[in-house]
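As stored in work-v9.txt (compact mmCIF, C-alpha atoms and all ligand atoms):
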```txt
# COMPACT_ATOMS: atom_id res chain seq x y z
CA MET R 1 -179.68 120.97 41.30
CA LYS R 2 -180.79 118.58 44.02
CA ARG R 3 -179.85 121.19 46.59
CA LEU R 4 -181.85 123.83 44.78
CA VAL R 5 -184.92 121.61 44.74
CA ALA R 6 -184.46 120.88 48.43
CA ALA R 7 -184.08 124.59 49.19
CA ALA R 8 -187.20 125.40 47.18
CA ALA R 9 -189.12 122.66 48.95
CA LEU R 10 -187.99 124.01 52.30
CA LEU R 11 -188.98 127.53 51.32
CA LEU R 12 -192.41 126.28 50.26
CA LEU R 13 -192.79 124.43 53.54
CA VAL R 14 -191.86 127.55 55.52
CA MET R 15 -194.39 129.58 53.54
CA LEU R 16 -197.14 127.05 54.10
CA VAL R 17 -196.45 126.82 57.81
CA SER R 18 -196.36 130.58 58.25
CA VAL R 19 -199.61 130.97 56.33
CA SER R 20 -201.45 128.38 58.36
CA ALA R 21 -199.95 129.22 61.76
CA PRO R 22 -202.57 131.03 63.86
CA GLY R 23 -200.31 134.02 64.52
CA HIS R 24 -200.10 134.64 60.80
CA ALA R 25 -203.71 134.00 59.89
CA ALA R 26 -204.22 137.66 59.03
CA ALA R 27 -201.65 137.54 56.27
CA ALA R 28 -203.62 134.76 54.63
CA GLU R 29 -207.00 136.49 54.69
CA ALA R 30 -208.55 136.74 51.25
CA LYS R 31 -209.84 140.17 50.19
CA ILE R 32 -213.44 139.23 50.88
CA LEU R 33 -215.99 140.30 53.48
CA ASN R 34 -219.19 138.33 53.84
CA LEU R 35 -221.66 140.77 55.34
CA PHE R 36 -224.98 139.33 56.59
CA CYS R 37 -227.24 142.25 57.36
CA TRP R 38 -230.79 143.59 57.33
CA SER R 39 -231.93 144.70 53.89
CA GLU R 40 -231.73 148.42 53.11
CA TYR R 41 -229.23 149.04 55.88
CA VAL R 42 -225.82 149.72 54.26
CA PRO R 43 -225.72 152.27 51.42
CA GLN R 44 -224.12 151.15 48.16
CA ALA R 45 -221.88 154.24 48.29
CA VAL R 46 -220.47 153.04 51.61
CA LEU R 47 -219.76 149.56 50.22
CA ASP R 48 -218.14 151.07 47.11
CA GLN R 49 -215.89 153.39 49.08
CA PHE R 50 -214.80 150.57 51.39
CA GLU R 51 -213.99 148.34 48.44
CA GLN R 52 -212.10 151.11 46.70
CA GLU R 53 -210.00 152.00 49.73
CA THR R 54 -209.20 148.48 50.90
CA GLY R 55 -209.57 146.25 47.86
CA ILE R 56 -211.83 144.06 50.02
CA LYS R 57 -214.88 142.86 48.12
CA VAL R 58 -218.08 142.98 50.17
CA VAL R 59 -220.65 140.28 49.56
CA TYR R 60 -223.84 141.67 51.13
CA THR R 61 -226.49 139.05 51.90
CA THR R 62 -229.72 140.31 53.46
CA TYR R 63 -232.22 139.14 56.04
CA GLU R 64 -235.48 140.58 57.34
CA SER R 65 -235.48 139.42 60.94
CA ASN R 66 -233.16 138.50 63.81
CA GLU R 67 -234.76 135.07 63.89
CA ALA R 68 -233.91 134.39 60.23
CA MET R 69 -230.31 135.55 60.70
CA PHE R 70 -229.91 133.43 63.83
CA ALA R 71 -231.34 130.29 62.23
CA LYS R 72 -229.00 130.62 59.26
CA LEU R 73 -225.94 131.20 61.43
CA LYS R 74 -226.82 128.25 63.67
CA MET R 75 -227.15 126.07 60.61
CA LEU R 76 -223.66 127.12 59.51
CA ASP R 77 -222.35 126.69 63.08
CA GLY R 78 -221.26 130.30 63.41
CA SER R 79 -219.30 130.38 60.15
CA GLY R 80 -220.02 131.51 56.59
CA TYR R 81 -220.31 135.19 57.45
CA ASP R 82 -217.83 137.77 58.72
CA ILE R 83 -220.30 140.32 60.07
CA VAL R 84 -223.86 140.05 61.35
CA VAL R 85 -226.09 142.81 62.73
CA PRO R 86 -228.20 141.49 65.63
CA SER R 87 -230.49 143.62 67.79
CA THR R 88 -229.84 143.94 71.54
CA TYR R 89 -231.60 140.77 72.68
CA PHE R 90 -230.02 138.67 69.94
CA VAL R 91 -226.53 139.88 70.89
CA SER R 92 -227.21 138.37 74.36
CA LEU R 93 -228.51 135.12 72.94
CA MET R 94 -225.69 134.72 70.41
CA ARG R 95 -223.03 135.51 73.00
CA GLU R 96 -224.48 132.92 75.34
CA GLN R 97 -224.38 130.33 72.62
CA GLY R 98 -220.77 131.11 71.73
CA LEU R 99 -221.74 132.29 68.26
CA LEU R 100 -219.84 135.60 68.45
CA SER R 101 -216.16 136.33 68.37
CA LYS R 102 -214.49 138.70 70.84
CA LEU R 103 -213.59 142.01 69.22
CA ASP R 104 -210.04 143.30 69.05
CA LYS R 105 -210.61 146.88 70.15
CA ALA R 106 -207.07 147.87 69.19
CA LYS R 107 -208.37 147.63 65.61
CA LEU R 108 -211.39 149.86 66.31
CA SER R 109 -209.80 153.27 66.76
CA ASN R 110 -213.03 155.05 65.78
CA LEU R 111 -215.06 153.61 68.66
CA ALA R 112 -214.63 156.93 70.45
CA ASN R 113 -217.09 158.49 67.97
CA LEU R 114 -219.98 156.59 69.56
CA ASP R 115 -222.27 158.14 72.13
CA PRO R 116 -221.24 156.67 75.51
CA LYS R 117 -224.96 156.29 76.29
CA VAL R 118 -225.34 153.52 73.70
CA LEU R 119 -222.31 151.62 74.96
CA GLY R 120 -222.34 149.12 77.79
CA GLY R 121 -225.93 147.96 77.33
CA PRO R 122 -227.07 144.95 79.38
CA PHE R 123 -226.72 142.74 76.30
CA ASP R 124 -222.95 143.35 76.13
CA PRO R 125 -221.79 145.36 79.15
CA SER R 126 -218.22 145.94 77.94
CA ASN R 127 -218.98 145.88 74.22
CA ASP R 128 -216.58 143.01 73.85
CA TYR R 129 -218.75 141.47 71.13
CA SER R 130 -220.82 144.20 69.52
CA VAL R 131 -220.53 147.73 68.16
CA PRO R 132 -223.74 149.80 67.90
CA TYR R 133 -224.58 150.55 64.26
CA MET R 134 -228.04 152.11 64.28
CA TRP R 135 -230.94 152.51 66.65
CA GLY R 136 -234.51 153.56 66.27
CA SER R 137 -238.07 153.32 67.37
CA THR R 138 -241.04 151.25 66.33
CA GLY R 139 -243.71 153.92 66.25
CA MET R 140 -247.05 154.52 64.63
CA LEU R 141 -247.64 155.84 61.14
CA ILE R 142 -251.02 157.27 60.12
CA ASN R 143 -252.58 158.63 56.96
CA THR R 144 -254.01 162.06 57.78
CA THR R 145 -256.40 162.01 54.82
CA ILE R 146 -258.18 159.09 56.47
CA VAL R 147 -257.92 160.08 60.12
CA ASP R 148 -257.53 163.36 61.99
CA PRO R 149 -254.10 163.11 63.67
CA ALA R 150 -255.38 165.07 66.67
CA THR R 151 -257.55 162.09 67.58
CA ILE R 152 -254.71 159.54 67.60
CA THR R 153 -252.69 159.31 70.79
CA SER R 154 -252.70 155.66 71.77
CA TRP R 155 -251.82 152.25 70.33
CA SER R 156 -255.39 151.25 71.23
CA ASP R 157 -256.67 153.71 68.61
CA MET R 158 -255.82 151.03 66.04
CA LEU R 159 -258.85 149.12 67.37
CA ARG R 160 -261.33 151.81 66.24
CA PRO R 161 -263.95 150.37 63.88
CA GLU R 162 -263.16 152.82 61.08
CA PHE R 163 -259.77 151.13 60.65
CA LYS R 164 -261.21 147.71 59.84
CA GLY R 165 -259.03 146.20 57.11
CA LYS R 166 -256.71 149.19 57.19
CA VAL R 167 -254.23 148.33 59.93
CA LEU R 168 -250.62 147.29 59.36
CA LEU R 169 -248.79 145.26 61.99
CA SER R 170 -245.18 144.19 61.83
CA SER R 171 -244.29 140.52 61.52
CA ASP R 172 -241.43 141.08 63.98
CA LEU R 173 -242.32 139.13 67.12
CA ARG R 174 -240.76 141.38 69.77
CA ASP R 175 -241.81 144.63 68.07
CA THR R 176 -245.43 143.59 67.73
CA MET R 177 -245.72 141.90 71.12
CA GLY R 178 -243.90 144.97 72.51
CA VAL R 179 -246.47 147.33 71.02
CA ALA R 180 -249.31 145.20 72.42
CA LEU R 181 -247.67 145.10 75.87
CA LYS R 182 -247.33 148.89 75.76
CA ALA R 183 -250.96 149.26 74.65
CA LYS R 184 -251.93 147.40 77.83
CA GLY R 185 -249.60 149.53 79.98
CA PHE R 186 -246.89 146.86 80.48
CA SER R 187 -243.18 146.67 79.79
CA VAL R 188 -241.94 145.48 76.39
CA ASN R 189 -239.75 143.13 78.44
CA SER R 190 -242.52 141.73 80.62
CA LEU R 191 -241.78 138.34 82.16
CA ASN R 192 -245.28 137.96 83.53
CA GLU R 193 -247.46 135.44 81.70
CA ASP R 194 -250.72 137.25 82.53
CA GLU R 195 -249.36 140.39 80.90
CA ILE R 196 -248.06 138.48 77.88
CA LYS R 197 -251.48 136.86 77.54
CA ALA R 198 -253.18 140.27 77.74
CA ALA R 199 -250.88 141.48 74.93
CA TYR R 200 -251.83 138.45 72.87
CA GLU R 201 -255.52 139.18 73.49
CA PHE R 202 -255.03 142.76 72.33
CA LEU R 203 -253.51 141.49 69.08
CA ALA R 204 -256.17 138.82 68.67
CA ALA R 205 -258.87 141.49 68.96
CA LEU R 206 -257.02 143.64 66.44
CA LYS R 207 -256.43 140.84 63.97
CA PRO R 208 -259.73 141.21 62.04
CA SER R 209 -258.70 144.82 61.30
CA VAL R 210 -255.25 143.88 60.06
CA ARG R 211 -254.69 144.22 56.35
CA VAL R 212 -250.96 143.37 56.35
CA PHE R 213 -248.66 141.55 58.79
CA ASN R 214 -245.29 142.42 57.40
CA VAL R 215 -241.96 144.21 57.77
CA GLU R 216 -240.72 144.11 54.21
CA SER R 217 -242.99 146.31 52.15
CA THR R 218 -244.54 148.45 54.85
CA LYS R 219 -243.49 151.70 53.20
CA GLN R 220 -245.40 150.89 50.03
CA ALA R 221 -248.59 149.94 51.89
CA PHE R 222 -248.58 153.31 53.67
CA ILE R 223 -247.49 155.37 50.64
CA SER R 224 -250.23 153.92 48.42
CA GLY R 225 -252.92 154.42 51.08
CA GLU R 226 -253.62 150.68 51.25
CA VAL R 227 -253.38 151.00 55.04
CA ALA R 228 -254.44 153.95 57.22
CA ILE R 229 -252.69 153.25 60.50
CA GLY R 230 -250.08 150.91 61.90
CA MET R 231 -246.58 150.18 63.06
CA SER R 232 -243.47 151.47 61.35
CA TRP R 233 -239.76 151.66 62.04
CA ASN R 234 -238.82 155.32 62.17
CA GLY R 235 -236.51 155.27 59.12
CA ASP R 236 -239.12 153.57 56.95
CA ALA R 237 -241.63 156.14 58.19
CA VAL R 238 -239.42 159.08 57.20
CA ILE R 239 -238.93 157.65 53.71
CA ALA R 240 -242.69 157.01 53.37
CA MET R 241 -243.47 160.57 54.54
CA GLN R 242 -241.11 161.96 51.89
CA GLU R 243 -243.07 160.07 49.23
CA ASN R 244 -246.48 160.80 50.69
CA PRO R 245 -246.71 164.02 52.73
CA ASP R 246 -250.14 163.00 54.08
CA LEU R 247 -248.46 160.48 56.34
CA ARG R 248 -247.57 161.39 59.93
CA PHE R 249 -245.31 159.61 62.46
CA VAL R 250 -246.84 159.42 65.95
CA TYR R 251 -245.30 158.54 69.32
CA PRO R 252 -248.19 156.88 71.21
CA LYS R 253 -248.50 158.01 74.80
CA GLU R 254 -247.97 154.54 76.29
CA GLY R 255 -244.45 154.50 74.84
CA LEU R 256 -242.97 152.19 72.25
CA PRO R 257 -240.32 149.54 71.63
CA LEU R 258 -236.86 150.89 70.91
CA TRP R 259 -234.24 148.82 69.11
CA LEU R 260 -230.50 148.99 68.68
CA ASP R 261 -228.68 146.92 66.07
CA SER R 262 -224.97 146.22 66.43
CA LEU R 263 -222.19 144.97 64.20
CA ALA R 264 -220.73 141.70 65.45
CA ILE R 265 -218.31 139.06 64.15
CA PRO R 266 -219.49 135.44 64.15
CA ALA R 267 -217.25 132.98 65.97
CA GLY R 268 -216.44 131.07 62.81
CA ALA R 269 -215.82 134.10 60.57
CA LYS R 270 -213.00 133.50 58.07
CA HIS R 271 -212.11 137.17 57.53
CA LYS R 272 -211.94 138.71 60.98
CA ASP R 273 -209.35 141.35 60.04
CA ASN R 274 -211.52 142.50 57.16
CA ALA R 275 -214.50 142.56 59.51
CA HIS R 276 -212.66 144.81 61.97
CA ALA R 277 -211.60 147.06 59.09
CA PHE R 278 -215.23 147.34 57.97
CA ILE R 279 -216.55 148.06 61.47
CA ASN R 280 -213.94 150.76 61.99
CA PHE R 281 -214.78 152.22 58.57
CA THR R 282 -218.50 152.52 59.38
CA LEU R 283 -217.58 154.32 62.61
CA ARG R 284 -215.98 157.20 60.71
CA PRO R 285 -218.16 160.29 61.13
CA GLU R 286 -218.61 160.95 57.42
CA ILE R 287 -219.45 157.31 56.70
CA ALA R 288 -221.92 157.02 59.58
CA LYS R 289 -223.45 160.25 58.28
CA LEU R 290 -224.02 158.70 54.83
CA ILE R 291 -225.74 155.76 56.53
CA VAL R 292 -228.21 158.01 58.40
CA GLU R 293 -228.86 160.15 55.34
CA GLU R 294 -229.85 157.16 53.25
CA PHE R 295 -231.92 155.13 55.70
CA LEU R 296 -233.02 157.84 58.13
CA TYR R 297 -232.81 155.89 61.37
CA SER R 298 -231.12 157.32 64.46
CA THR R 299 -227.35 157.21 64.69
CA PRO R 300 -225.43 156.20 67.81
CA ASN R 301 -222.42 158.06 66.35
CA THR R 302 -222.17 161.49 68.00
CA ALA R 303 -219.48 162.69 65.60
CA ALA R 304 -221.76 161.82 62.66
CA TRP R 305 -224.81 163.39 64.29
CA ASN R 306 -222.89 166.65 64.65
CA LEU R 307 -222.31 166.67 60.88
CA LEU R 308 -226.00 166.24 59.95
CA ASP R 309 -228.02 169.04 58.37
CA ASP R 310 -230.30 170.84 60.80
CA GLU R 311 -233.30 169.45 58.97
CA LEU R 312 -232.35 165.90 59.95
CA LYS R 313 -231.25 166.89 63.45
CA GLN R 314 -234.66 168.47 64.00
CA ASN R 315 -236.69 165.71 62.41
CA ARG R 316 -238.36 164.13 65.43
CA ALA R 317 -238.73 160.73 63.81
CA ILE R 318 -234.92 160.58 63.47
CA SER R 319 -233.88 162.58 66.52
CA PRO R 320 -236.69 162.11 69.04
CA THR R 321 -236.97 164.34 72.10
CA LYS R 322 -237.06 162.98 75.63
CA GLU R 323 -240.83 163.56 75.73
CA ASP R 324 -241.30 161.62 72.48
CA LEU R 325 -239.68 158.62 74.12
CA ALA R 326 -241.43 158.88 77.47
CA ASN R 327 -242.31 155.32 78.60
CA SER R 328 -240.33 153.78 75.72
CA GLU R 329 -237.92 150.93 76.33
CA PHE R 330 -235.21 148.99 74.56
CA THR R 331 -236.01 145.35 73.97
CA ASN R 332 -233.98 143.01 76.21
CA ASP R 333 -233.34 139.30 76.26
CA LEU R 334 -236.14 137.38 78.04
CA GLY R 335 -234.30 134.21 78.93
CA ASP R 336 -236.64 131.23 79.03
CA VAL R 337 -239.73 133.44 78.92
CA LYS R 338 -239.11 133.89 75.20
CA LYS R 339 -240.79 130.51 74.78
CA THR R 340 -243.98 131.96 76.28
CA TYR R 341 -243.88 134.84 73.78
CA GLU R 342 -243.34 132.37 70.94
CA ARG R 343 -246.26 130.24 72.08
CA TYR R 344 -248.70 133.19 72.06
CA TRP R 345 -247.24 134.49 68.79
CA GLU R 346 -247.85 131.11 67.13
CA MET R 347 -251.41 131.09 68.47
CA LEU R 348 -251.98 134.53 67.03
CA LYS R 349 -250.68 133.54 63.61
CA THR R 350 -252.66 130.32 63.41
CA GLN R 351 -255.95 131.45 64.92
C1 LIG R 401 -233.79 148.15 57.99
C2 LIG R 401 -233.93 147.28 59.15
C3 LIG R 401 -234.09 148.00 60.44
C4 LIG R 401 -233.84 147.04 61.51
N1 LIG R 401 -234.35 147.63 56.80
C5 LIG R 401 -234.64 147.21 62.74
N2 LIG R 401 -234.12 146.41 63.74
```

Once you've parsed the file, please lay out its structure as structure tokens.
Ligand code: N2P
Amino acid sequence: MKRLVAAAALLLLVMLVSVSAPGHAAAAEAKILNLFCWSEYVPQAVLDQFEQETGIKVVYTTYESNEAMFAKLKMLDGSGYDIVVPSTYFVSLMREQGLLSKLDKAKLSNLANLDPKVLGGPFDPSNDYSVPYMWGSTGMLINTTIVDPATITSWSDMLRPEFKGKVLLSSDLRDTMGVALKAKGFSVNSLNEDEIKAAYEFLAALKPSVRVFNVESTKQAFISGEVAIGMSWNGDAVIAMQENPDLRFVYPKEGLPLWLDSLAIPAGAKHKDNAHAFINFTLRPEIAKLIVEEFLYSTPNTAAWNLLDDELKQNRAISPTKEDLANSEFTNDLGDVKKTYERYWEMLKTQ
């Protein structure tokens, strides 16, 4: 009997050691995935199918800005979540701060479905830390019952007196400063304080016309006619245009800010295998297709794009032409100059 107890104790010890040894961590991973992502970004059908196939339960917590996601993750010291979805310039920042975990590409067999043009961006040159999920533009949406679309070509048109109280600006710092920089003919990644100040002055002059400063309920403000002109992410614009056919998406001639959001695994994630499984799942052509069809942004997944209906492929808000994106730029990390942007942004909000 004594021997049996000793054998059982030994067996238990071996099990405990093997479970906690780093090489065996995967075996111990609970069937949970804590996904921290923008709201309205992963279709329920995609979450359901993943759960059904893998038995991994997805807990989807949402955020509305890179800044909010970053602050939360910092507070938790890079743990608490298994996947986050930062934009380009936040991938750089989070990598620099050691907040992201290196990807195991052997577990991402579907990476080949991505358009090589979206890989290797300056924010992660070898994509060791991030996998492009969705990209899009921050363009202009107008209500054609209030304004003749033929007369709107420039971001500066928002300053016209007839739009007093009817303008919508985003509350996203880089998008809105980016639009203002473009309006003044500068780069969305300007490092020049005079240019940043000129962008601030543009926004300060526009402020009396602004009805809403927001990213959360922009669709509703446009659909209801509460605002006549303003900024909109392309996917939100397509959904709003479906609800209200009087709305029109415009690519202003000065160009616009482009964004790319990527899936990444925080350094302290507890379920890294599950996270890799989820990333690889979203890279499947038919899954990436479901994601575009529901949220109507642009997909970096060529295999998925090929499966889309012609109507979506030809929708210029979703699949812009080269001319549409003339002068447009992806938002990059600004290094220390981000403090200058923040200073002007604060001034704008408090003035
Ligand atoms: C969707 C969020 C789009 C993110 N609700 C733009 N970076």

Discussion item. For a quick check of understanding, using all atoms listed in the file, which of R:Asn234, R:Ser154, R:Ser130, R:Thr144 has the smallest distance to ligand LIG 401 (chain R)?
Written reply: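 The closest residue to ligand LIG 401 (chain R) is R:Asn234.
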
Fill in: Selected residue of minimal separation from Ala180 of chain R among R:Pro266, R:Trp345, R:Ser39, R:Asp261, counting all atoms listed in the file
R:Trp345

Item to complete: Grab the atom CA of Val147 of chain R to atom CA of Ile229 of chain R distance for me, in Å with one decimal place.
Response: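 Atom CA of Ile229 of chain R lies at a distance of 8.6 Å from atom CA of Val147 of chain R.
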
Fill in: Residue with smallest distance to ligand LIG 401 (chain R) - pool R:Gln242, R:Gln351, R:Thr218, R:Ser79, counting only C-alpha atoms and all ligand atoms
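For ligand LIG 401 (chain R), the nearest of the given residues is R:Thr218.
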
Item to complete: Residues within 10 Å of ligand LIG 401 (chain R), counting all atoms listed in the file: report them as a PyMOL selection string.
Response: chain R and resi 37-42+62-66+85-88+134-138+172+175+215-217+232-236+258-262+295-297

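Atom pair atom CA of Lys107 of chain R / atom CA of Gly78 of chain R: separated by 21.7 Å.
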
Worksheet item: Taking into account all atoms listed in the file, which residue in the set R:Ala269, R:Leu312, R:Leu348, R:Ile223 is nearest to Ala205 of chain R?
Response: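 Closest candidate: R:Leu348.
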
Practice prompt. Work out how far atom CA of Gln44 of chain R is from atom CA of Met94 of chain R, in Å to one decimal.
Written response: 27.7 Å

Worksheet entry | From R:Asn280, R:Gln314, R:Ser190, R:Asn244, residue lying nearest Glu329 of chain R [only C-alpha atoms] |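 Using only C-alpha atoms, the shortest distance to Glu329 of chain R belongs to R:Ser190.
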
Worksheet item: Using all atoms listed in the file, which of R:Pro300, R:Pro125, R:Pro43, R:Gly165 sits nearest Val227 of chain R?
Response: R:Gly165

Report, as lines of an AutoDock Vina configuration file, the centre and edge lengths in Å (one decimal) of the axis-aligned box enclosing every listed atom of segment 254-261 of chain R, padded by 3 Å on each side.
```
center_x = -238.3
center_y = 150.7
center_z = 71.2
size_x = 25.3
size_y = 13.6
size_z = 16.2
```

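The residue set within 10 Å of segment 191-197 of chain R, counting all atoms listed in the file and dropping same-chain residues fewer than 5 places from it, reads R:Met177, R:Gly178, R:Ala180, R:Leu181, R:Lys184, R:Gly185, R:Phe186, R:Phe202, R:Leu203, R:Leu334, R:Gly335, R:Asp336, R:Val337, R:Lys338, R:Thr340, R:Tyr341, R:Tyr344, R:Trp345.
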
Fill in: Selection near Lys74 of chain R, 12 Å with only C-alpha atoms, sequence-local residues under 3 positions removed, as JSON, numbers by chain
{"R": [67, 68, 69, 70, 71, 77, 78, 79, 80, 81, 93, 94, 97, 98, 99, 100, 266, 267, 268]}
